[in-house]
file query_19.cif (mmCIF, C-alpha atoms)
data_protein
loop_
_atom_site.label_atom_id
_atom_site.label_comp_id
_atom_site.auth_asym_id
_atom_site.auth_seq_id
_atom_site.Cartn_x
_atom_site.Cartn_y
_atom_site.Cartn_z
CA MET C 71 -12.50 -31.26 78.91
CA ASP C 72 -14.27 -31.91 82.24
CA ALA C 73 -15.49 -28.30 82.48
CA GLY C 74 -16.77 -28.37 78.90
CA LEU C 75 -18.56 -31.66 79.47
CA THR C 76 -20.23 -30.22 82.55
CA GLU C 77 -21.39 -27.19 80.55
CA LEU C 78 -22.70 -29.45 77.82
CA ALA C 79 -24.64 -31.64 80.24
CA ALA C 80 -26.08 -28.52 81.91
CA GLY C 81 -27.30 -27.16 78.57
CA SER C 82 -25.02 -24.11 78.60
CA ILE C 83 -23.50 -25.22 75.30
CA ASP C 84 -25.09 -27.27 72.53
CA ILE C 85 -22.15 -28.68 70.54
CA PHE C 86 -19.01 -30.35 71.85
CA PRO C 87 -16.52 -31.79 69.32
CA TYR C 88 -13.52 -34.08 69.88
CA LEU C 89 -15.00 -36.20 72.63
CA THR C 90 -13.54 -39.54 73.65
CA PRO C 91 -15.88 -42.56 73.81
CA ASP C 92 -15.77 -42.68 77.60
CA ARG C 93 -16.98 -39.07 77.75
CA VAL C 94 -19.85 -39.85 75.40
CA ASN C 95 -21.02 -42.57 77.76
CA GLN C 96 -21.49 -39.92 80.45
CA LEU C 97 -24.08 -38.03 78.40
CA ASP C 98 -27.86 -38.40 78.44
CA SER C 99 -28.64 -40.07 75.10
CA THR C 100 -32.13 -38.51 75.06
CA LYS C 101 -30.65 -35.00 75.04
CA PHE C 102 -27.76 -35.43 72.60
CA ASN C 103 -27.09 -36.93 69.21
CA VAL C 104 -23.59 -38.35 68.88
CA LEU C 105 -22.03 -37.93 65.43
CA SER C 106 -18.70 -39.33 64.26
CA ASN C 107 -16.43 -39.48 61.24
CA GLY C 108 -12.78 -40.02 60.42
CA SER C 109 -10.80 -36.89 61.23
CA ASN C 110 -8.00 -37.12 58.65
CA MET C 111 -5.67 -36.27 61.51
CA VAL C 112 -2.43 -38.10 62.20
CA GLN C 113 -1.68 -38.77 65.84
CA ILE C 114 2.07 -38.93 66.18
CA PHE C 115 4.49 -39.91 68.91
CA ALA C 116 6.90 -37.27 67.66
CA LEU C 117 10.61 -38.00 68.04
CA ASN C 118 13.00 -35.06 67.91
CA ASN C 119 15.46 -36.37 65.32
CA SER C 120 18.16 -33.91 66.38
CA VAL C 121 18.61 -35.11 69.98
CA GLU C 122 20.43 -38.19 71.23
CA PRO C 123 19.64 -41.02 71.14
CA LEU C 124 16.69 -40.28 68.83
CA ASN C 125 19.11 -39.23 66.09
CA ASP C 126 19.94 -42.94 65.75
CA LEU C 127 17.80 -44.74 63.14
CA LYS C 128 18.00 -48.04 65.02
CA VAL C 129 16.65 -46.42 68.18
CA ARG C 130 13.73 -44.89 66.27
CA GLN C 131 13.03 -48.23 64.63
CA ALA C 132 13.16 -49.98 68.00
CA ILE C 133 10.61 -47.56 69.44
CA ASN C 134 8.33 -48.19 66.47
CA TYR C 135 8.55 -51.97 66.89
CA ALA C 136 8.06 -51.77 70.65
CA ILE C 137 4.57 -50.29 70.67
CA ASN C 138 1.21 -51.89 70.02
CA ARG C 139 -0.97 -49.48 68.09
CA LYS C 140 -4.11 -51.56 68.50
CA ASP C 141 -3.73 -51.51 72.28
CA ILE C 142 -3.20 -47.74 72.29
CA ILE C 143 -6.33 -47.22 70.18
CA SER C 144 -8.27 -49.52 72.47
CA VAL C 145 -7.17 -47.61 75.57
CA THR C 146 -7.55 -44.09 74.20
CA MET C 147 -10.47 -44.33 71.76
CA ASP C 148 -12.22 -47.57 72.69
CA GLY C 149 -10.95 -49.10 69.45
CA THR C 150 -12.78 -46.65 67.19
CA SER C 151 -9.82 -45.06 65.37
CA VAL C 152 -7.89 -46.06 62.24
CA GLU C 153 -4.45 -47.57 62.87
CA LEU C 154 -1.57 -45.78 61.14
CA THR C 155 1.92 -46.86 60.09
CA THR C 156 3.08 -43.78 58.24
CA ALA C 157 2.57 -40.04 58.00
CA MET C 158 -0.77 -40.00 56.16
CA SER C 159 -4.28 -41.21 56.91
CA PRO C 160 -6.15 -43.58 54.56
CA ALA C 161 -8.73 -40.77 54.40
CA MET C 162 -6.47 -39.30 51.69
CA GLY C 163 -7.52 -42.07 49.29
CA SER C 164 -5.09 -43.11 46.56
CA TYR C 165 -2.38 -40.80 47.88
CA TYR C 166 -2.12 -43.08 50.91
CA ASP C 167 0.17 -46.08 50.36
CA SER C 168 -1.50 -49.16 51.86
CA SER C 169 1.56 -51.29 51.01
CA LEU C 170 3.23 -49.75 54.08
CA ASP C 171 0.56 -51.04 56.46
CA GLY C 172 1.98 -53.29 59.14
CA THR C 173 5.59 -52.25 58.60
CA PHE C 174 6.02 -51.72 62.33
CA ASP C 175 3.71 -54.31 63.80
CA GLN C 176 4.83 -54.95 67.37
CA ASP C 177 7.93 -57.13 67.56
CA LEU C 178 9.59 -56.82 70.95
CA GLU C 179 12.48 -59.16 70.15
CA LYS C 180 13.36 -57.12 67.08
CA ALA C 181 13.02 -53.92 69.11
CA LYS C 182 15.38 -55.24 71.80
CA SER C 183 17.86 -56.38 69.17
CA LEU C 184 17.89 -52.94 67.55
CA MET C 185 18.40 -51.29 70.95
CA ALA C 186 21.37 -53.55 71.58
CA GLU C 187 22.84 -52.84 68.12
CA ALA C 188 22.56 -49.12 68.87
CA GLY C 189 24.40 -49.59 72.16
CA TYR C 190 21.39 -49.16 74.43
CA GLU C 191 20.73 -52.71 75.58
CA ASN C 192 20.15 -51.31 79.10
CA GLY C 193 17.73 -48.68 77.82
CA PHE C 194 17.66 -44.97 78.55
CA ASP C 195 15.45 -42.18 79.90
CA LEU C 196 13.19 -40.02 77.72
CA THR C 197 10.82 -37.16 78.41
CA CYS C 198 7.47 -36.78 76.67
CA THR C 199 6.16 -33.21 76.78
CA VAL C 200 2.43 -33.44 76.14
CA PRO C 201 -0.34 -30.78 76.05
CA SER C 202 -2.48 -31.31 79.14
CA ASN C 203 -5.67 -30.03 77.49
CA TYR C 204 -5.88 -33.03 75.12
CA LEU C 205 -6.88 -36.09 77.13
CA ILE C 206 -6.34 -38.46 74.19
CA HIS C 207 -2.70 -37.39 73.92
CA VAL C 208 -2.09 -37.60 77.65
CA ASN C 209 -3.62 -41.08 77.76
CA THR C 210 -1.59 -42.10 74.73
CA ALA C 211 1.60 -40.94 76.43
CA VAL C 212 0.71 -42.98 79.53
CA GLU C 213 0.19 -46.11 77.43
CA LEU C 214 3.39 -45.47 75.50
CA ALA C 215 5.32 -45.21 78.77
CA SER C 216 3.92 -48.56 79.86
CA GLU C 217 4.80 -50.28 76.58
CA LEU C 218 8.29 -48.81 76.18
CA LYS C 219 9.36 -50.26 79.53
CA ALA C 220 9.59 -53.61 77.74
CA ILE C 221 12.71 -52.42 75.88
CA GLY C 222 14.20 -50.49 78.78
CA ILE C 223 13.00 -47.00 77.90
CA ASN C 224 11.80 -44.98 80.88
CA LEU C 225 9.39 -42.40 79.47
CA GLU C 226 8.73 -39.53 81.86
CA ILE C 227 5.54 -37.62 81.04
CA LYS C 228 5.63 -33.85 81.41
CA GLN C 229 2.23 -32.17 81.01
CA VAL C 230 2.23 -28.52 79.93
CA ASP C 231 -0.47 -26.04 78.94
CA TRP C 232 -1.19 -25.45 75.26
CA ALA C 233 0.62 -22.11 75.04
CA THR C 234 3.74 -23.63 76.57
CA TRP C 235 3.56 -26.59 74.21
CA LEU C 236 3.33 -24.30 71.18
CA ASP C 237 6.22 -22.16 72.39
CA GLN C 238 8.61 -24.83 73.65
CA VAL C 239 7.79 -27.86 71.50
CA TYR C 240 6.35 -26.71 68.18
CA LYS C 241 8.12 -23.40 67.75
CA GLY C 242 11.19 -23.78 69.96
CA ARG C 243 11.77 -27.51 69.28
CA GLN C 244 13.11 -27.80 72.83
CA TYR C 245 11.86 -31.27 73.65
CA GLU C 246 12.68 -34.96 73.23
CA THR C 247 9.29 -36.50 72.43
CA THR C 248 5.68 -35.41 72.36
CA VAL C 249 2.24 -36.71 71.41
CA ILE C 250 0.02 -34.59 69.20
CA ALA C 251 -2.45 -34.90 66.31
CA LEU C 252 -1.24 -33.27 63.11
CA THR C 253 -3.95 -31.48 61.17
CA SER C 254 -3.89 -30.38 57.56
CA ALA C 255 -6.02 -29.20 54.69
CA TYR C 256 -7.63 -31.98 52.68
CA ALA C 257 -4.62 -32.13 50.35
CA PRO C 258 -1.67 -34.56 50.31
CA TYR C 259 0.95 -31.86 49.86
CA ASP C 260 -0.26 -30.09 52.98
CA VAL C 261 0.04 -33.35 54.91
CA LEU C 262 3.66 -33.94 53.92
CA GLU C 263 5.25 -30.53 53.41
CA ARG C 264 6.21 -30.36 57.11
CA TYR C 265 8.84 -33.04 56.45
CA GLN C 266 10.95 -30.79 54.24
CA SER C 267 14.21 -29.92 55.97
CA SER C 268 13.62 -26.16 55.92
CA ASP C 269 9.86 -26.11 56.58
CA ASP C 270 8.72 -24.11 59.60
CA GLY C 271 6.40 -26.96 60.57
CA ASN C 272 9.22 -29.50 60.70
CA PHE C 273 9.25 -29.54 64.50
CA ILE C 274 10.68 -33.08 64.61
CA ASN C 275 13.87 -31.78 62.94
CA TYR C 276 13.72 -34.43 60.23
CA SER C 277 16.06 -34.09 57.27
CA ASN C 278 16.31 -36.20 54.13
CA SER C 279 17.57 -34.73 50.85
CA GLU C 280 15.55 -37.27 48.83
CA VAL C 281 12.34 -36.15 50.53
CA ASP C 282 13.27 -32.51 49.88
CA ALA C 283 13.84 -33.23 46.19
CA LEU C 284 10.59 -35.16 45.80
CA MET C 285 8.54 -32.48 47.56
CA ALA C 286 10.07 -29.84 45.30
CA GLN C 287 9.20 -31.93 42.24
CA ILE C 288 5.58 -32.76 43.12
CA PRO C 289 4.03 -29.32 42.37
CA LEU C 290 5.60 -29.45 38.89
CA ILE C 291 3.90 -32.73 37.94
CA SER C 292 0.51 -32.50 36.21
CA ASP C 293 -0.15 -36.22 35.75
CA VAL C 294 -2.18 -37.49 38.70
CA ASN C 295 -0.77 -41.01 38.64
CA GLU C 296 2.81 -39.79 38.49
CA ARG C 297 2.17 -37.33 41.30
CA THR C 298 0.58 -40.06 43.41
CA GLU C 299 3.65 -42.25 42.92
CA LEU C 300 5.88 -39.44 44.17
CA TYR C 301 3.75 -39.12 47.30
CA HIS C 302 4.13 -42.86 47.83
CA GLN C 303 7.89 -42.51 47.53
CA VAL C 304 7.88 -39.78 50.19
CA LEU C 305 5.78 -41.92 52.53
CA GLY C 306 8.13 -44.84 51.94
CA LEU C 307 11.17 -42.76 52.85
CA LEU C 308 9.53 -41.42 56.01
CA THR C 309 8.69 -44.97 57.02
CA ALA C 310 12.16 -46.31 56.20
CA ASP C 311 13.66 -43.51 58.30
CA ALA C 312 11.24 -44.25 61.16
CA CYS C 313 11.24 -40.48 61.59
CA SER C 314 8.55 -40.72 64.28
CA VAL C 315 5.88 -43.13 65.47
CA TYR C 316 2.49 -42.87 63.77
CA ILE C 317 -0.36 -44.23 65.83
CA GLN C 318 -3.90 -43.44 64.71
CA ASP C 319 -6.32 -41.28 62.80
CA PRO C 320 -8.62 -40.50 65.75
CA THR C 321 -12.32 -40.69 65.05
CA THR C 322 -13.95 -37.30 65.54
CA ILE C 323 -16.86 -37.72 67.95
CA THR C 324 -19.19 -34.77 68.46
CA ALA C 325 -22.17 -34.43 70.78
CA VAL C 326 -24.95 -32.20 69.46
CA SER C 327 -28.02 -31.18 71.42
CA THR C 328 -31.26 -32.66 70.08
CA ARG C 329 -32.48 -29.06 69.96
CA LEU C 330 -30.34 -28.59 66.85
CA GLU C 331 -30.19 -30.14 63.41
CA GLY C 332 -28.01 -29.78 60.31
CA TYR C 333 -24.62 -30.28 61.95
CA HIS C 334 -22.13 -32.45 60.03
CA VAL C 335 -18.83 -33.98 61.05
CA TYR C 336 -16.30 -33.81 58.23
CA PRO C 337 -13.02 -35.75 57.76
CA MET C 338 -11.01 -32.58 58.32
CA TYR C 339 -10.43 -29.94 60.99
CA VAL C 340 -13.44 -27.65 60.42
CA GLN C 341 -16.58 -26.59 62.25
CA ASP C 342 -19.26 -25.81 59.66
CA MET C 343 -22.20 -23.99 61.26
CA SER C 344 -23.79 -22.83 58.00
CA GLN C 345 -26.53 -25.48 58.02
CA VAL C 346 -27.14 -25.65 61.77
CA LYS C 347 -30.57 -24.55 62.97
CA LEU C 348 -33.12 -25.23 65.68
CA ALA C 349 -34.78 -28.60 65.18
CA GLY C 350 -38.09 -28.38 63.40
CA ASN C 351 -37.49 -24.87 62.00
#
call {"tool": "encode", "arguments": {"input": "query_19.cif", "output": "structure tokens"}}
result
Amino acid sequence: MDAGLTELAAGSIDIFPYLTPDRVNQLDSTKFNVLSNGSNMVQIFALNNSVEPLNDLKVRQAINYAINRKDIISVTMDGTSVELTTAMSPAMGSYYDSSLDGTFDQDLEKAKSLMAEAGYENGFDLTCTVPSNYLIHVNTAVELASELKAIGINLEIKQVDWATWLDQVYKGRQYETTVIALTSAYAPYDVLERYQSSDDGNFINYSNSEVDALMAQIPLISDVNERTELYHQVLGLLTADACSVYIQDPTTITAVSTRLEGYHVYPMYVQDMSQVKLAGN
């Protein structure tokens, strides 16, 4: 990120997406336009459901209740992101279930009680393997470590390069926790299919037969309202299972040289250069 920002400031590159607000403040506002939009990404504190003690529902619930999403967003994105409770962003419109909002608002006493019920009143150690090339995820992990101390969880942060993260965490599933932003096509099924037990993208090792059945049923339903209700049921099950911790839909912030015009920031993971041209041409 630092090298790219230096190149941008020097004029070697003209477009830099996925900036954090603090990086934007380092740029000359006369040389760059700063564009932003919701990203329709889901930043997740991913919990490997197959390893102890994260295979315990009460432990996963305790972790969810222990954190303060607003504080994390304030620290990592200067408060500009959308707070999340479940596995989908509100950018998905009616497919998102707003009734789940606030399910895991911070409640330290409840979190401590759940830890005690699970037999971990004295806490435990966890490792968070995070990709070092994404500052927002590293900073999120640091804030998570600070907040989880309140319920006795010692979160050790292990930074790895992107290739290692893909190999060990995403593909190999050899990790305890991680922080990452999940991307998807602008379609609700694409957002949620990773939670099927047998899906290759199910790197958190989540398994729920009800979710599997609902996801198998959804493509067979033609009625939009009925299909939307099934998505809501899936989101409700994921939330009830506290399968991981959902934090934010990070705002996509892009710096574009004033020499260019026609660039747009979309609420999805895409870089559209078709309309970009030199300003005034």
call {"tool": "residues_around", "arguments": {"input": "query_19.cif", "residues": "C:Pro87", "least_positions_apart": "4", "cutoff": "7 Å", "atoms": "all atoms listed in the file", "output": "list in words"}}
result
Ile323, Thr324 and Ala325 of chain C
call {"tool": "write_last_selection", "arguments": {"input": "query_19.cif", "atoms": "C-alpha atoms", "output": "CSV table (one decimal), keeping the file's coordinate frame"}}
result
chain,number,residue,atom,x,y,z
C,323,ILE,CA,-16.9,-37.7,68.0
C,324,THR,CA,-19.2,-34.8,68.5
C,325,ALA,CA,-22.2,-34.4,70.8
call {"tool": "residues_around", "arguments": {"input": "query_19.cif", "residues": "stretch 219-229 of chain C", "least_positions_apart": "6", "cutoff": "9 Å", "atoms": "only C-alpha atoms", "output": "NGL selection string"}}
result
:C and (132-133 or 136 or 178-179 or 181-182 or 185 or 190-203 or 208 or 211-212 or 235 or 248)
call {"tool": "axis_aligned_box", "arguments": {"input": "query_19.cif", "around": "stretch 292-306 of chain C", "padding_each_side": "3 Å", "output": "lines of an AutoDock Vina configuration file"}}
result
center_x = 3.0
center_y = -38.7
center_z = 44.1
size_x = 16.3
size_y = 18.3
size_z = 22.8
call {"tool": "residues_around", "arguments": {"input": "query_19.cif", "residues": "stretch 319-322 of chain C", "least_positions_apart": "4", "cutoff": "12 Å", "atoms": "only C-alpha atoms", "output": "ChimeraX atom specification"}}
result
/C:86-91,94,104-114,139-140,142-144,146-162,206-207,210,250-253,334-341
call {"tool": "atom_distance", "arguments": {"input": "query_19.cif", "atom1": "atom CA of C:Tyr245", "atom2": "atom CA of C:Asn118"}}
result
7.0 Å
call {"tool": "closest_residue", "arguments": {"input": "query_19.cif", "among": "C:Ile317, C:Ile137, C:Ala255, C:Leu284", "to": "C:Ser216", "atoms": "all atoms listed in the file"}}
result
C:Ile137
call {"tool": "atom_distance", "arguments": {"input": "query_19.cif", "atom1": "atom CA of C:Asp175", "atom2": "atom CA of C:Tyr135"}}
result
6.2 Å
call {"tool": "closest_residue", "arguments": {"input": "query_19.cif", "among": "C:Val315, C:Ile85, C:Ala349, C:Ala186", "to": "C:Gln131", "atoms": "all atoms listed in the file"}}
result
C:Val315
call {"tool": "residues_around", "arguments": {"input": "query_19.cif", "residues": "stretch 264-269 of chain C", "least_positions_apart": "2", "cutoff": "8 Å", "atoms": "only C-alpha atoms", "output": "mmCIF file with C-alpha atoms, in the coordinates of the input"}}
result
data_model
loop_
_atom_site.group_PDB
_atom_site.id
_atom_site.type_symbol
_atom_site.label_atom_id
_atom_site.label_comp_id
_atom_site.auth_asym_id
_atom_site.auth_seq_id
_atom_site.Cartn_x
_atom_site.Cartn_y
_atom_site.Cartn_z
ATOM 1 C CA ASP C 260 -0.260 -30.090 52.980
ATOM 2 C CA VAL C 261 0.040 -33.350 54.910
ATOM 3 C CA LEU C 262 3.660 -33.940 53.920
ATOM 4 C CA GLY C 271 6.400 -26.960 60.570
ATOM 5 C CA ASN C 272 9.220 -29.500 60.700
ATOM 6 C CA ASN C 275 13.870 -31.780 62.940
ATOM 7 C CA TYR C 276 13.720 -34.430 60.230
ATOM 8 C CA SER C 277 16.060 -34.090 57.270
ATOM 9 C CA ASN C 278 16.310 -36.200 54.130
ATOM 10 C CA SER C 279 17.570 -34.730 50.850
ATOM 11 C CA VAL C 281 12.340 -36.150 50.530
ATOM 12 C CA ASP C 282 13.270 -32.510 49.880
ATOM 13 C CA MET C 285 8.540 -32.480 47.560
#
call {"tool": "closest_residue", "arguments": {"input": "query_19.cif", "among": "C:Leu330, C:Leu78, C:Leu205, C:Cys313", "to": "C:Leu127", "atoms": "all atoms listed in the file"}}
result
C:Cys313
call {"tool": "closest_residue", "arguments": {"input": "query_19.cif", "among": "C:Tyr316, C:Phe174, C:Val145, C:Glu280", "to": "C:Leu300", "atoms": "all atoms listed in the file"}}
result
C:Glu280
call {"tool": "closest_residue", "arguments": {"input": "query_19.cif", "among": "C:Ala116, C:Gln303, C:Thr100, C:Asp171", "to": "C:Tyr240", "atoms": "all atoms listed in the file"}}
result
C:Ala116
call {"tool": "residues_around", "arguments": {"input": "query_19.cif", "residues": "C:Thr328", "least_positions_apart": "5", "cutoff": "9 Å", "atoms": "all atoms listed in the file", "output": "VMD selection string"}}
result
chain C and resid 84 100 to 103 348 to 349
call {"tool": "closest_residue", "arguments": {"input": "query_19.cif", "among": "C:Lys347, C:Ser254, C:Thr247, C:Glu299", "to": "C:Glu122", "atoms": "all atoms listed in the file"}}
result
C:Thr247
call {"tool": "atom_distance", "arguments": {"input": "query_19.cif", "atom1": "atom CA of C:Asp98", "atom2": "atom CA of C:Glu213"}}
result
29.1 Å
call {"tool": "decode", "arguments": {"input": "query_19.cif", "residues": "stretch 194-214 of chain C", "atoms": "N, CA, C and O atoms", "output": "PDB file, in the first residue's frame"}}
result
ATOM      1  N   PHE C 194      -8.759 -18.296  26.575  1.00  0.00           N
ATOM      2  CA  PHE C 194      -7.886 -19.197  25.823  1.00  0.00           C
ATOM      3  C   PHE C 194      -7.112 -18.387  24.791  1.00  0.00           C
ATOM      4  O   PHE C 194      -7.381 -17.191  24.588  1.00  0.00           O
ATOM      5  N   ASP C 195      -6.153 -19.041  24.143  1.00  0.00           N
ATOM      6  CA  ASP C 195      -5.340 -18.395  23.118  1.00  0.00           C
ATOM      7  C   ASP C 195      -5.880 -18.735  21.729  1.00  0.00           C
ATOM      8  O   ASP C 195      -6.336 -19.845  21.476  1.00  0.00           O
ATOM      9  N   LEU C 196      -5.819 -17.750  20.832  1.00  0.00           N
ATOM     10  CA  LEU C 196      -6.218 -17.935  19.440  1.00  0.00           C
ATOM     11  C   LEU C 196      -5.178 -17.280  18.539  1.00  0.00           C
ATOM     12  O   LEU C 196      -4.519 -16.315  18.940  1.00  0.00           O
ATOM     13  N   THR C 197      -5.080 -17.777  17.329  1.00  0.00           N
ATOM     14  CA  THR C 197      -4.206 -17.162  16.332  1.00  0.00           C
ATOM     15  C   THR C 197      -5.052 -16.635  15.187  1.00  0.00           C
ATOM     16  O   THR C 197      -5.960 -17.306  14.708  1.00  0.00           O
ATOM     17  N   CYS C 198      -4.756 -15.419  14.757  1.00  0.00           N
ATOM     18  CA  CYS C 198      -5.432 -14.816  13.610  1.00  0.00           C
ATOM     19  C   CYS C 198      -4.411 -14.667  12.486  1.00  0.00           C
ATOM     20  O   CYS C 198      -3.464 -13.877  12.586  1.00  0.00           O
ATOM     21  N   THR C 199      -4.582 -15.450  11.436  1.00  0.00           N
ATOM     22  CA  THR C 199      -3.680 -15.403  10.281  1.00  0.00           C
ATOM     23  C   THR C 199      -4.269 -14.431   9.261  1.00  0.00           C
ATOM     24  O   THR C 199      -5.325 -14.701   8.680  1.00  0.00           O
ATOM     25  N   VAL C 200      -3.597 -13.320   9.057  1.00  0.00           N
ATOM     26  CA  VAL C 200      -4.180 -12.231   8.258  1.00  0.00           C
ATOM     27  C   VAL C 200      -3.242 -11.853   7.118  1.00  0.00           C
ATOM     28  O   VAL C 200      -2.016 -11.845   7.278  1.00  0.00           O
ATOM     29  N   PRO C 201      -3.796 -11.561   5.912  1.00  0.00           N
ATOM     30  CA  PRO C 201      -2.943 -11.172   4.785  1.00  0.00           C
ATOM     31  C   PRO C 201      -2.334  -9.794   5.004  1.00  0.00           C
ATOM     32  O   PRO C 201      -3.054  -8.808   5.186  1.00  0.00           O
ATOM     33  N   SER C 202      -1.014  -9.728   4.979  1.00  0.00           N
ATOM     34  CA  SER C 202      -0.304  -8.489   5.322  1.00  0.00           C
ATOM     35  C   SER C 202      -0.492  -7.380   4.300  1.00  0.00           C
ATOM     36  O   SER C 202      -0.247  -6.211   4.601  1.00  0.00           O
ATOM     37  N   ASN C 203      -0.938  -7.714   3.078  1.00  0.00           N
ATOM     38  CA  ASN C 203      -1.061  -6.700   2.034  1.00  0.00           C
ATOM     39  C   ASN C 203      -2.362  -5.905   2.138  1.00  0.00           C
ATOM     40  O   ASN C 203      -2.558  -4.957   1.373  1.00  0.00           O
ATOM     41  N   TYR C 204      -3.247  -6.256   3.061  1.00  0.00           N
ATOM     42  CA  TYR C 204      -4.500  -5.529   3.238  1.00  0.00           C
ATOM     43  C   TYR C 204      -4.484  -4.843   4.603  1.00  0.00           C
ATOM     44  O   TYR C 204      -4.782  -5.460   5.629  1.00  0.00           O
ATOM     45  N   LEU C 205      -4.161  -3.553   4.592  1.00  0.00           N
ATOM     46  CA  LEU C 205      -4.017  -2.807   5.840  1.00  0.00           C
ATOM     47  C   LEU C 205      -5.305  -2.813   6.655  1.00  0.00           C
ATOM     48  O   LEU C 205      -5.270  -2.909   7.884  1.00  0.00           O
ATOM     49  N   ILE C 206      -6.451  -2.725   5.997  1.00  0.00           N
ATOM     50  CA  ILE C 206      -7.723  -2.694   6.716  1.00  0.00           C
ATOM     51  C   ILE C 206      -7.916  -3.980   7.527  1.00  0.00           C
ATOM     52  O   ILE C 206      -8.400  -3.943   8.651  1.00  0.00           O
ATOM     53  N   HIS C 207      -7.494  -5.110   6.975  1.00  0.00           N
ATOM     54  CA  HIS C 207      -7.670  -6.375   7.687  1.00  0.00           C
ATOM     55  C   HIS C 207      -6.665  -6.522   8.823  1.00  0.00           C
ATOM     56  O   HIS C 207      -6.995  -7.053   9.890  1.00  0.00           O
ATOM     57  N   VAL C 208      -5.457  -6.051   8.598  1.00  0.00           N
ATOM     58  CA  VAL C 208      -4.456  -6.069   9.668  1.00  0.00           C
ATOM     59  C   VAL C 208      -4.913  -5.187  10.824  1.00  0.00           C
ATOM     60  O   VAL C 208      -4.878  -5.586  11.995  1.00  0.00           O
ATOM     61  N   ASN C 209      -5.368  -3.975  10.496  1.00  0.00           N
ATOM     62  CA  ASN C 209      -5.829  -3.060  11.543  1.00  0.00           C
ATOM     63  C   ASN C 209      -7.056  -3.604  12.270  1.00  0.00           C
ATOM     64  O   ASN C 209      -7.217  -3.413  13.483  1.00  0.00           O
ATOM     65  N   THR C 210      -7.927  -4.273  11.518  1.00  0.00           N
ATOM     66  CA  THR C 210      -9.100  -4.886  12.145  1.00  0.00           C
ATOM     67  C   THR C 210      -8.677  -5.970  13.132  1.00  0.00           C
ATOM     68  O   THR C 210      -9.206  -6.065  14.244  1.00  0.00           O
ATOM     69  N   ALA C 211      -7.705  -6.783  12.729  1.00  0.00           N
ATOM     70  CA  ALA C 211      -7.212  -7.838  13.609  1.00  0.00           C
ATOM     71  C   ALA C 211      -6.615  -7.253  14.892  1.00  0.00           C
ATOM     72  O   ALA C 211      -6.824  -7.788  15.994  1.00  0.00           O
ATOM     73  N   VAL C 212      -5.898  -6.153  14.767  1.00  0.00           N
ATOM     74  CA  VAL C 212      -5.304  -5.497  15.938  1.00  0.00           C
ATOM     75  C   VAL C 212      -6.393  -5.022  16.890  1.00  0.00           C
ATOM     76  O   VAL C 212      -6.312  -5.207  18.116  1.00  0.00           O
ATOM     77  N   GLU C 213      -7.449  -4.420  16.340  1.00  0.00           N
ATOM     78  CA  GLU C 213      -8.545  -3.946  17.176  1.00  0.00           C
ATOM     79  C   GLU C 213      -9.307  -5.115  17.806  1.00  0.00           C
ATOM     80  O   GLU C 213      -9.699  -5.056  18.975  1.00  0.00           O
ATOM     81  N   LEU C 214      -9.491  -6.174  17.041  1.00  0.00           N
ATOM     82  CA  LEU C 214     -10.146  -7.364  17.584  1.00  0.00           C
ATOM     83  C   LEU C 214      -9.361  -7.926  18.759  1.00  0.00           C
ATOM     84  O   LEU C 214      -9.941  -8.318  19.788  1.00  0.00           O
TER      85      LEU C 214
END
